[in-house]
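Peer 1: Questions regarding the structure given below will be posed in turn.
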Amino acid sequence: MKDVMGIINLVEPAELLKDLTNHRTLGAVPIGGRYRLIDFVLSNMVNAGLRNVGIFVQEQYRALMDHLGTGREWDLNRQRDGLFILPPDYRGEERNSGDIEILHRHYDYFERSRQDTVIMAGTSMVCNIDYQKALAYHDEKNADITVIYHKSRGPSNLSTIFSLNSDQKVTGIQVNPLHAKEDNVSMKMYIMSKQLLMELVDLCLCRGETDFVKDGLIKNLSQLNIYGYCFNGYVASINSLQAYYKHSMELLDPNIWEELFFRSGLIYTKVKNEAPAQYGHKAKVSNCLVANGCMIDGTVENSILFRGVRIQKGVHIKGSILMQRSEIKENAMLEGVILDKDVVITEGKHLLGDPGYPLVIGKKTVL
Amino acid sequence: MKDVMGIINLVEPAELLKDLTNHRTLGAVPIGGRYRLIDFVLSNMVNAGLRNVGIFVQEQYRALMDHLGTGREWDLNRQRDGLFILPPDYRGEERNSGDIEILHRHYDYFERSRQDTVIMAGTSMVCNIDYQKALAYHDEKNADITVIYHKSRGPSNLSTIFSLNSDQKVTGIQVNPLHAKEDNVSMKMYIMSKQLLMELVDLCLCRGETDFVKDGLIKNLSQLNIYGYCFNGYVASINSLQAYYKHSMELLDPNIWEELFFRSGLIYTKVKNEAPAQYGHKAKVSNCLVANGCMIDGTVENSILFRGVRIQKGVHIKGSILMQRSEIKENAMLEGVILDKDVVITEGKHLLGDPGYPLVIGKKTVL
Amino acid sequence: MMNKACIAMILAGGQGSRLGVLTKRVAKPAVPFGGKYRIIDFTLSNCANSGLDTVGVLTQYQPLALNTYIGIGSSWDLDRKHGGVTVLPPFVRENGGEWYKGTANAVYQNIDFIEAHNPEHVLILSGDHIYKMDYAAMLTYHKQRQARATIAVIQVPWEEASRFGIMNVDDQNKIVEFDEKPANPRSNLASMGVYIFNWPILKQYLEADEADPSSSNDFGKNVIPKMLASENDLYAYPYSGYWKDVGTLDSLWEANMDLLAEKPSLDLHERNWRIYSVNPTQPPHFLADQSIIQDSLINEGCIVYGLVDHSVIFPGVRIGKNSKIHDSVLMPNVTIGENVIVSKAIIGSNAIIEEDCHIGQGDPGDEQELTVVAEGAHIKSRSKIATTAQV
Amino acid sequence: MMNKACIAMILAGGQGSRLGVLTKRVAKPAVPFGGKYRIIDFTLSNCANSGLDTVGVLTQYQPLALNTYIGIGSSWDLDRKHGGVTVLPPFVRENGGEWYKGTANAVYQNIDFIEAHNPEHVLILSGDHIYKMDYAAMLTYHKQRQARATIAVIQVPWEEASRFGIMNVDDQNKIVEFDEKPANPRSNLASMGVYIFNWPILKQYLEADEADPSSSNDFGKNVIPKMLASENDLYAYPYSGYWKDVGTLDSLWEANMDLLAEKPSLDLHERNWRIYSVNPTQPPHFLADQSIIQDSLINEGCIVYGLVDHSVIFPGVRIGKNSKIHDSVLMPNVTIGENVIVSKAIIGSNAIIEEDCHIGQGDPGDEQELTVVAEGAHIKSRSKIATTAQV
């Protein structure tokens, strides 16, 4: 097997998730009842045999460091290779924005790593992908860069769109076009040689350019053989609060649940040692995802309950996402609501959001 | 046993070590042939049974993160408690200086920790101390804060000096006085309740104060019962390049070597899997500390060789400190020199420094 | 190596033959319990939560599952540089090898291991009891009384006392007599099989016991009675709380059902005394539109389309449409087809029950005997399994 | 669990009785070597460097030191969530327990362990050879030839060939004959005791071997000859490089001395093929003013006041003033007093040699026999130890 390293680039626009990213980087946003966004891309990399993963962080990464710990859950707690969290480590000077500068700051990490090939990805694209197949495709096409995309006909204004010729060679790249003609939506995953990535980063930096896609790829499109690899599986692109809510609800389809959590490999996450979920005598729960540590004695429909949620008698919950350790006291009613961690809803309280505009209650709020 | 947590405060003036701290924080400065400064305080804490250590870093901490890794060498790779590297994680706003702000940024780390008592220390005081004894003293005196000091008659302008009454109660504190009357030199190690530390930090911050000693201790001296605990063992205070060189040379005294590395517990450090040092047919080595991975075929006197140093035939080295993977080619001569990591000295080169002003050659220099 | 004040030795070698088909391929401490755990998790978690960081696990019978499960101990935070968990199987010496003859002999054969840690005290534990206990508090008690040995005891119902080793104590809790399974018990204080010994004293008794050819080398039968005969300072440490020896299939089933009370006396949610276990990598469980769940524990990775009532469901279980599970324990990765009824049963790991089966003797609520389906069994559609016999 | 393409089984159960006093309390794979390592480090590091991450270590004789040493495998980066190192001692089944009868029987008894990982290939290794080898390259070779089994071979001097299992091969490296210790060898290709088998085939031969009451259940004596008799596609994998079976005290001493050549054929400094081991927590060694060191390996934690010439010094050794060490191996924590002469000797761990002793037969340079001082021995001052007998 080829020796490949992974780069997870957390220099992502996070503001779009509003309150959920107030105090955490996008990769640390909780999803799917017990995961954080980064778990998917990191598990995909580990499942493809990658043993050296560098995580480039920019800000608000404390929750992420807590979550990743020593990397043990991903079997990346190694003496040689392993998991590297690479903070910007500023010293006095002003910060630029953009991923080029962050990548450049850790040039020595690339130099030190033994691997020749890099998979670089963000955390906003939730999927269960077999990177080995994409790597084989990359070799077969003898590509300089392979970009991974999926077919999607949604609004394109938050997506990067590829134009491809009949041989799957990328002939054009548009970042966030208002009206895209094509439906080849970038999954923001790139395979290339480490050497080429380092050259592109260096080239951009010395020209004062800041963005890997706009400056590194688009401006060099004519000199590079960039190929598109189409991923046909389920993809949840978490680029807005509405998308977060919509894709979360999609997990209540057992086929998507099966595909996302079991298809090409398992999804690892931090372990909490919670007891199994406990259902009381008055529990009425249907069409729900429920994590361990929950204690439920009320009615819950079409919802996702993270670890350690407590739901008392007489409570009625519909179409909501309740994050870790939320506590819902007797006779409260919630619909179309997202509760961040450690929220307490007191007795008899009613909250109503809309699927198109879910109501988000911030971390540790008591309402 | 009381449950105690450790705080290692890396907000220390590092510039005094000049070239050695150009690209690393003080705690990451190599010393003693295979250690970094932080190894001593961290090992002392672990040897006293501490299982939760937070390391507050400000800048240039990448080498430190590499060194500490998952905390495995200090047996701190745990699910519960363990080793926490706490970076400032700025978001947009301007940075202040001073340790108060850094401590305040991680208020939730204190809240989350189960321990009631804190030992807080920096990394500049190299020693092998039994913190259990100091903790017992703290209890016995029923002190609010116990400060650890040693007796030293050197220049005081880089030291904090305590005045003590006959009961060892601290009656005065002077930071960097030009001419100190007393010889009670602070080892910058403090024992107190977590509660009190959090209160002092909060108090200082809301008054716009920045420095734990000047603002937190000196200004509250009358309201607090602060006691001094005198440590009688060997202490190397690494507060200047001259001190670094002088104290390094002191390790060539087998009594100090024994005391520092074996007295109250072992000193742990990152493992490198180097082979034993190999001495060739022309080797002549005396009064030296030599780490594993060295290959020596020349003459070396009164020097410290870090891991993986290569010394060819005809080389003559006196009174020098050669850091990791230095390579000295045939017939070179060095005296009074400090080579940072990965330096290559070419054939026949002569370098001469002075013990009072050792010549420092920067990392990766080829000369 | 640091001098360890106290190290723990967990006896995990027993076959547990009264658990029948459930222990055909695994030792009793490795039997699944409580929707998530294996029995030994409770003892290991007690050790971790009590601050003990050096634990020897004495194995002998079918140790592979247990070895693999305990692994490097990281699930219990016992993957330590010094100490941690060490699995101690029998081994060969210069003059040949010997299997463990009894509980005392198992510890005797590992005197070298214990001496390597140079402990003051040794805590002897069983790997097959369900309980939460702070051994550090018991050690403090032991030290305060300057005891030679301390034995944890629990009050059992008088009518059951003759099944246990019974302590008769004075008003200082000093043990005056020990009866192993007495016909006419004079006390209802049963030994929990949790002992603290001063190591030099225990060592001496182990050596004497080994030299005695008539001994069956057992703590309860031999070592404790001998100690009582010649020592004064043996104390009972009274424990009150949930404790269960899951030595039979019925008691295993009961212990599982105990967890389903509204306020179970064994609280698995306690944050300051977590029960650690190896966490399988599974997503949250999915309850379908038509599912009905009550009075139950359900772990991650399950998909439920049917009804689950007063049951314990381990990870990875699939329950088909219109199936009904009552008063049962479904171990990991059990698959239940459609229209199946399961009533008062334990279904072993990986078993497959095809559609239209009826497992169990009667209807829920009836007085029934327990039915047990073996690990990996495959029950064809339209079968009726309703015997006390284990499939 | 992932299907593991290849797993390794390391035979580490042997007593190594020809190493005499050095294996009284530890198994041969745990004997110290090369100033830092234990013999098994080489095999374990080869596994780690070859990308194998599932390794079973079959132990039987005095496993405590080896168990403690291997621990959770983290020193070799083998503390993995899936796979990693598993120590496999003999164990008890429903119908009783059985010790390992031979190398093949040891693997046979662990068929369950192997099947749990569902491998395509199984690599069988010895824990007591000193060499560096890329097993991944050998596996590629094995696959390319679609071999049923592949055996690594090395050319040995013709005069020594009759001490080894000798392969006769055709020009395609296909094995045509295997002679175990032939009186008149017809080839000098010796088996290194490194085998790759297709697992389904090996399993079948192990079962047949077990059923054969006349077999001594050994790979070299039984399984390989039987395979050769009925299979075609067994290949030899030629290896060239340093390889040493340290089966005797003399060969152990020689292998240590081999490291002191100016360019040793076993390079311990190679950065891409590190030999991992458990690193003791020791500071850099200290050489005093009067010390003289040449042609030697010295590990951390030593203090040397005397002369060390052409010797291998393990961690924690103290050598007093005016003492002279020639052509010797000093194992961990040996203490040498003042005015001691040690010449062509192996001094076991923790031994104490008081002042004015003379260990070894003659003067350096003379033709002498090896002298061995046992682990933990205490040699009183002014003793002369100069016999081939081991103290």
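By order in the structure tokens, chains are A, B, ...; within a chain, residues start at 1; ligands start at 1, following the order shown.
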If we count only C-alpha atoms, what is near range 167-179 of chain A at a cut-off of 12 Å, once residues fewer than 4 positions away on the same chain are taken out, given as a PyMOL selection string?
Peer 2: chain A and resi 137-138+141-149+153-163+183-186+188+211-230+239
Peer 1: Residues as selected, C-alpha atoms, written as a PDB file, in the first residue's frame, can you do that?
Peer 2:
ATOM      1  CA  TYR A 137      -8.207   6.436  -9.349  1.00  0.00           C
ATOM      2  CA  HIS A 138      -5.575   9.108  -8.787  1.00  0.00           C
ATOM      3  CA  LYS A 141      -5.356   8.801 -14.151  1.00  0.00           C
ATOM      4  CA  ASN A 142      -1.761   9.725 -13.380  1.00  0.00           C
ATOM      5  CA  ALA A 143      -3.233  12.983 -12.110  1.00  0.00           C
ATOM      6  CA  ASP A 144      -1.317  15.851 -10.557  1.00  0.00           C
ATOM      7  CA  ILE A 145      -4.330  16.508  -8.384  1.00  0.00           C
ATOM      8  CA  THR A 146      -7.523  14.524  -7.932  1.00  0.00           C
ATOM      9  CA  VAL A 147     -10.486  16.479  -6.602  1.00  0.00           C
ATOM     10  CA  ILE A 148     -13.452  14.601  -5.161  1.00  0.00           C
ATOM     11  CA  TYR A 149     -16.940  15.792  -6.016  1.00  0.00           C
ATOM     12  CA  ARG A 153     -28.515  20.123  -7.720  1.00  0.00           C
ATOM     13  CA  GLY A 154     -29.037  22.359  -4.716  1.00  0.00           C
ATOM     14  CA  PRO A 155     -28.269  26.086  -4.538  1.00  0.00           C
ATOM     15  CA  SER A 156     -24.661  26.566  -5.574  1.00  0.00           C
ATOM     16  CA  ASN A 157     -23.865  29.839  -3.842  1.00  0.00           C
ATOM     17  CA  LEU A 158     -22.071  28.079  -1.000  1.00  0.00           C
ATOM     18  CA  SER A 159     -20.327  25.468  -3.136  1.00  0.00           C
ATOM     19  CA  THR A 160     -17.343  25.084  -5.402  1.00  0.00           C
ATOM     20  CA  ILE A 161     -18.376  23.733  -8.810  1.00  0.00           C
ATOM     21  CA  PHE A 162     -16.177  21.859 -11.294  1.00  0.00           C
ATOM     22  CA  SER A 163     -16.444  21.751 -15.068  1.00  0.00           C
ATOM     23  CA  ASP A 183     -23.858  19.923 -10.723  1.00  0.00           C
ATOM     24  CA  ASN A 184     -20.353  18.697  -9.945  1.00  0.00           C
ATOM     25  CA  VAL A 185     -20.085  19.949  -6.385  1.00  0.00           C
ATOM     26  CA  SER A 186     -16.643  19.875  -4.806  1.00  0.00           C
ATOM     27  CA  LYS A 188     -13.252  19.871  -0.815  1.00  0.00           C
ATOM     28  CA  ASP A 211      -6.472  30.789  -0.837  1.00  0.00           C
ATOM     29  CA  PHE A 212      -5.639  27.249  -1.899  1.00  0.00           C
ATOM     30  CA  VAL A 213      -8.523  26.851  -4.321  1.00  0.00           C
ATOM     31  CA  LYS A 214      -8.773  30.342  -5.795  1.00  0.00           C
ATOM     32  CA  ASP A 215      -5.055  30.975  -6.002  1.00  0.00           C
ATOM     33  CA  GLY A 216      -3.434  27.556  -5.948  1.00  0.00           C
ATOM     34  CA  LEU A 217      -5.826  25.639  -8.209  1.00  0.00           C
ATOM     35  CA  ILE A 218      -7.723  28.101 -10.392  1.00  0.00           C
ATOM     36  CA  LYS A 219      -4.697  30.186 -11.332  1.00  0.00           C
ATOM     37  CA  ASN A 220      -2.670  27.093 -12.177  1.00  0.00           C
ATOM     38  CA  LEU A 221      -5.438  25.127 -13.852  1.00  0.00           C
ATOM     39  CA  SER A 222      -3.781  25.172 -17.263  1.00  0.00           C
ATOM     40  CA  GLN A 223      -0.466  23.820 -16.008  1.00  0.00           C
ATOM     41  CA  LEU A 224      -1.884  21.045 -13.838  1.00  0.00           C
ATOM     42  CA  ASN A 225      -3.590  17.783 -14.676  1.00  0.00           C
ATOM     43  CA  ILE A 226      -6.538  17.954 -12.296  1.00  0.00           C
ATOM     44  CA  TYR A 227      -9.043  15.117 -12.441  1.00  0.00           C
ATOM     45  CA  GLY A 228     -12.419  14.773 -10.799  1.00  0.00           C
ATOM     46  CA  TYR A 229     -13.381  11.643  -8.866  1.00  0.00           C
ATOM     47  CA  CYS A 230     -17.135  11.281  -8.457  1.00  0.00           C
ATOM     48  CA  ASN A 239     -22.692  24.780   5.050  1.00  0.00           C
TER      49      ASN A 239
END
Peer 1: Contacts of range 132-148 of chain C at 7 Å or less, counting only C-alpha atoms, minus same-chain residues fewer than 2 places along, as a ChimeraX atom specification?
Peer 2: /C:42,46,50,150,197-198,233-235,237
Peer 1: Give as a ChimeraX atom specification every residue of chain B that touches chain C within 9 Å, counting only C-alpha atoms.
Peer 2: /B:72-80,265
Peer 1: Pick out each residue of range 58-241 of chain B that DSSP on the backbone tags as alpha helix (DSSP H); I need them as an NGL selection string.
Peer 2: :B and (62-68 or 99-105 or 107-112 or 131-141 or 194-206 or 241)
Peer 1: Please measure the separation of CA of Pro29 in chain C and CA of Ile325 in chain C, giving the value in Å to one decimal.
Peer 2: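 A separation of 26.2 Å between them.
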Peer 1: Counting only C-alpha atoms, what are the residues of chain C within 10 Å of chain D, and for each of them which pair of atoms is the nearest and at what distance in Å, to one decimal? Sort the table by chain and rising number, as a Markdown table.
Peer 2:
| residue | atom | partner | partner_atom | distance |
| --- | --- | --- | --- | --- |
| C:Gly13 | CA | D:Val92 | CA | 9.1 |
| C:Gln15 | CA | D:Glu94 | CA | 7.9 |
| C:Ser17 | CA | D:Glu94 | CA | 9.1 |
| C:Thr23 | CA | D:Glu94 | CA | 9.3 |
| C:Lys24 | CA | D:Glu94 | CA | 7.2 |
| C:Arg25 | CA | D:Glu94 | CA | 8.2 |
| C:Val26 | CA | D:Arg93 | CA | 9.4 |
| C:Ala27 | CA | D:Arg93 | CA | 9.7 |
| C:Thr59 | CA | D:Phe91 | CA | 8.3 |
| C:Gln60 | CA | D:Phe91 | CA | 5.5 |
| C:Tyr61 | CA | D:Val92 | CA | 4.5 |
| C:Gln62 | CA | D:Arg93 | CA | 5.5 |
| C:Pro63 | CA | D:Phe91 | CA | 6.8 |
| C:Leu64 | CA | D:Phe113 | CA | 7.1 |
| C:Ala65 | CA | D:Phe113 | CA | 9.1 |
| C:Asn67 | CA | D:Thr86 | CA | 7.9 |
| C:Thr68 | CA | D:Thr86 | CA | 7.7 |
| C:Gly71 | CA | D:Thr86 | CA | 7.7 |
| C:Ile72 | CA | D:Ile72 | CA | 5.2 |
| C:Gly73 | CA | D:Ile72 | CA | 8.6 |
| C:Ser74 | CA | D:Lys81 | CA | 9.4 |
| C:Asp79 | CA | D:Ile72 | CA | 7.3 |
| C:Arg80 | CA | D:Ile72 | CA | 8.9 |
| C:Lys81 | CA | D:Gly71 | CA | 8.6 |
| C:His82 | CA | D:Thr68 | CA | 9.5 |
| C:Gly83 | CA | D:Thr68 | CA | 9.0 |
| C:Gly84 | CA | D:Gly71 | CA | 9.1 |
| C:Val85 | CA | D:Gly71 | CA | 9.0 |
| C:Thr86 | CA | D:Gly71 | CA | 7.7 |
| C:Val87 | CA | D:Asn67 | CA | 8.7 |
| C:Leu88 | CA | D:Leu64 | CA | 8.3 |
| C:Pro89 | CA | D:Pro89 | CA | 6.6 |
| C:Pro90 | CA | D:Pro90 | CA | 7.5 |
| C:Phe91 | CA | D:Gln60 | CA | 5.5 |
| C:Val92 | CA | D:Tyr61 | CA | 4.5 |
| C:Arg93 | CA | D:Gln62 | CA | 5.5 |
| C:Glu94 | CA | D:Lys24 | CA | 7.1 |
| C:Gly96 | CA | D:Tyr61 | CA | 8.5 |
| C:Gly97 | CA | D:Trp99 | CA | 7.9 |
| C:Glu98 | CA | D:Trp99 | CA | 9.2 |
| C:Trp99 | CA | D:Gly97 | CA | 7.9 |
| C:Tyr100 | CA | D:Val92 | CA | 10.0 |
| C:Asn110 | CA | D:Leu64 | CA | 9.0 |
| C:Asp112 | CA | D:Leu64 | CA | 8.2 |
| C:Phe113 | CA | D:Leu64 | CA | 7.1 |
| C:Ala116 | CA | D:Leu64 | CA | 10.0 |
Peer 1: Sort by chain and increasing residue number a table of all residues of chain A within 12 Å of chain B, each with its closest pair of atoms and their distance in Å to one decimal, counting only C-alpha atoms, and write it as CSV.
Peer 2:
residue,atom,partner,partner_atom,distance
A:Asn22,CA,B:Arg91,CA,10.8
A:His23,CA,B:Arg91,CA,10.0
A:Arg24,CA,B:Asp89,CA,10.8
A:Thr25,CA,B:Arg91,CA,11.0
A:Val57,CA,B:Asp89,CA,9.8
A:Gln58,CA,B:Asp89,CA,8.2
A:Glu59,CA,B:Asp89,CA,5.7
A:Gln60,CA,B:Asp89,CA,6.0
A:Tyr61,CA,B:Asp89,CA,6.9
A:Arg62,CA,B:Asp89,CA,7.2
A:Ala63,CA,B:Asp89,CA,10.7
A:Leu64,CA,B:Asp89,CA,11.5
A:Met65,CA,B:Ile85,CA,8.8
A:Asp66,CA,B:Phe84,CA,8.4
A:His67,CA,B:Gln79,CA,11.0
A:Leu68,CA,B:Thr70,CA,10.8
A:Gly69,CA,B:Thr70,CA,8.0
A:Thr70,CA,B:Thr70,CA,5.0
A:Gly71,CA,B:Thr70,CA,8.2
A:Arg72,CA,B:Thr70,CA,9.2
A:Glu73,CA,B:Gln79,CA,10.5
A:Leu76,CA,B:Thr70,CA,10.0
A:Asn77,CA,B:Thr70,CA,6.8
A:Arg78,CA,B:Thr70,CA,8.3
A:Gln79,CA,B:Gly69,CA,8.3
A:Arg80,CA,B:Lys272,CA,10.0
A:Asp81,CA,B:Gly69,CA,10.8
A:Gly82,CA,B:Gly69,CA,9.6
A:Leu83,CA,B:Gly69,CA,9.2
A:Phe84,CA,B:Asp66,CA,8.4
A:Ile85,CA,B:Met65,CA,8.8
A:Leu86,CA,B:Arg62,CA,7.8
A:Pro87,CA,B:Arg62,CA,8.0
A:Pro88,CA,B:Arg62,CA,9.1
A:Asp89,CA,B:Glu59,CA,5.7
A:Tyr90,CA,B:Glu59,CA,6.5
A:Arg91,CA,B:Glu59,CA,6.1
A:Gly92,CA,B:Glu59,CA,8.9
A:Glu93,CA,B:Glu94,CA,11.2
A:Glu94,CA,B:Glu94,CA,10.0
A:Arg95,CA,B:Gly92,CA,9.0
A:Asn96,CA,B:Gly92,CA,10.9
A:Ser97,CA,B:Gly92,CA,10.8
A:Arg105,CA,B:Arg62,CA,10.7
A:His106,CA,B:Arg62,CA,9.5
A:Asp108,CA,B:Arg62,CA,10.8
A:Tyr109,CA,B:Arg62,CA,10.4
A:Arg112,CA,B:Asp66,CA,11.9
A:Lys270,CA,B:Gln79,CA,9.7
A:Val271,CA,B:Gln79,CA,8.7
A:Lys272,CA,B:Gln79,CA,9.1
A:Asn273,CA,B:Gln79,CA,10.3
Peer 1: Mind checking which residues fall within 8 Å of Asn232 in chain A, counting only C-alpha atoms, ignoring those fewer than 2 positions away in the same chain, and posting them as a PyMOL selection string?
Peer 2: chain A and resi 150-151+230+234
Peer 1: Set the distance at 7 Å and use only C-alpha atoms: which residues neighbour Ile100 in chain A once local chain neighbours fewer than 3 positions away are removed? I'd like the list as a list in words.
Peer 2: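 Listed by chain and then number, they are Leu103, His104, Val201, Leu205, Thr210, Asp211 and Phe212 of chain A.
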Peer 1: Which residues come within 10 Å of Lys203 in chain D, counting only C-alpha atoms, excluding same-chain residues fewer than 6 positions away, as an mmCIF file with C-alpha atoms, in the first residue's frame?
Peer 2:
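So around.cif came out as:
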data_model
loop_
_atom_site.group_PDB
_atom_site.id
_atom_site.type_symbol
_atom_site.label_atom_id
_atom_site.label_comp_id
_atom_site.auth_asym_id
_atom_site.auth_seq_id
_atom_site.Cartn_x
_atom_site.Cartn_y
_atom_site.Cartn_z
ATOM 1 C CA VAL D 107 0.271 -22.367 17.087
ATOM 2 C CA TYR D 108 -2.342 -25.124 16.844
ATOM 3 C CA ILE D 111 -6.110 -21.335 16.108
ATOM 4 C CA ILE D 114 -5.712 -16.484 14.517
ATOM 5 C CA GLU D 115 -9.216 -17.080 13.189
ATOM 6 C CA VAL D 122 0.388 -16.147 8.847
ATOM 7 C CA PHE D 197 2.007 -19.714 5.177
ATOM 8 C CA ASP D 209 -0.032 -32.830 12.659
#
Peer 1: Could you tell me how far CA of Glu301 in chain B sits from CA of Ala283 in chain B, in Å to one decimal place?
Peer 2: 11.1 Å
Peer 1: In range 113-281 of chain A, what's strand (DSSP E) per DSSP? Answer as number ranges by chain?
Peer 2: A: 117-121, 125-126, 145-151, 160-164, 170-175, 184-193, 226-230, 236-237, 277-279
Peer 1: Could you please determine the separation between CA of Leu297 in chain C and CA of Phe33 in chain C in Å, to one decimal place?
Peer 2: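 Taking CA of Leu297 in chain C as the start and CA of Phe33 in chain C as the end point, the length is 11.4 Å.
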Peer 1: So, counting only C-alpha atoms, which residue among B:Leu16, B:Ala277, B:Ile345, B:Leu334 is closest to Glu300 in chain D?
Peer 2: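 Of B:Leu16, B:Ala277, B:Ile345, B:Leu334, the one nearest Glu300 in chain D, counting only C-alpha atoms, is B:Ala277.
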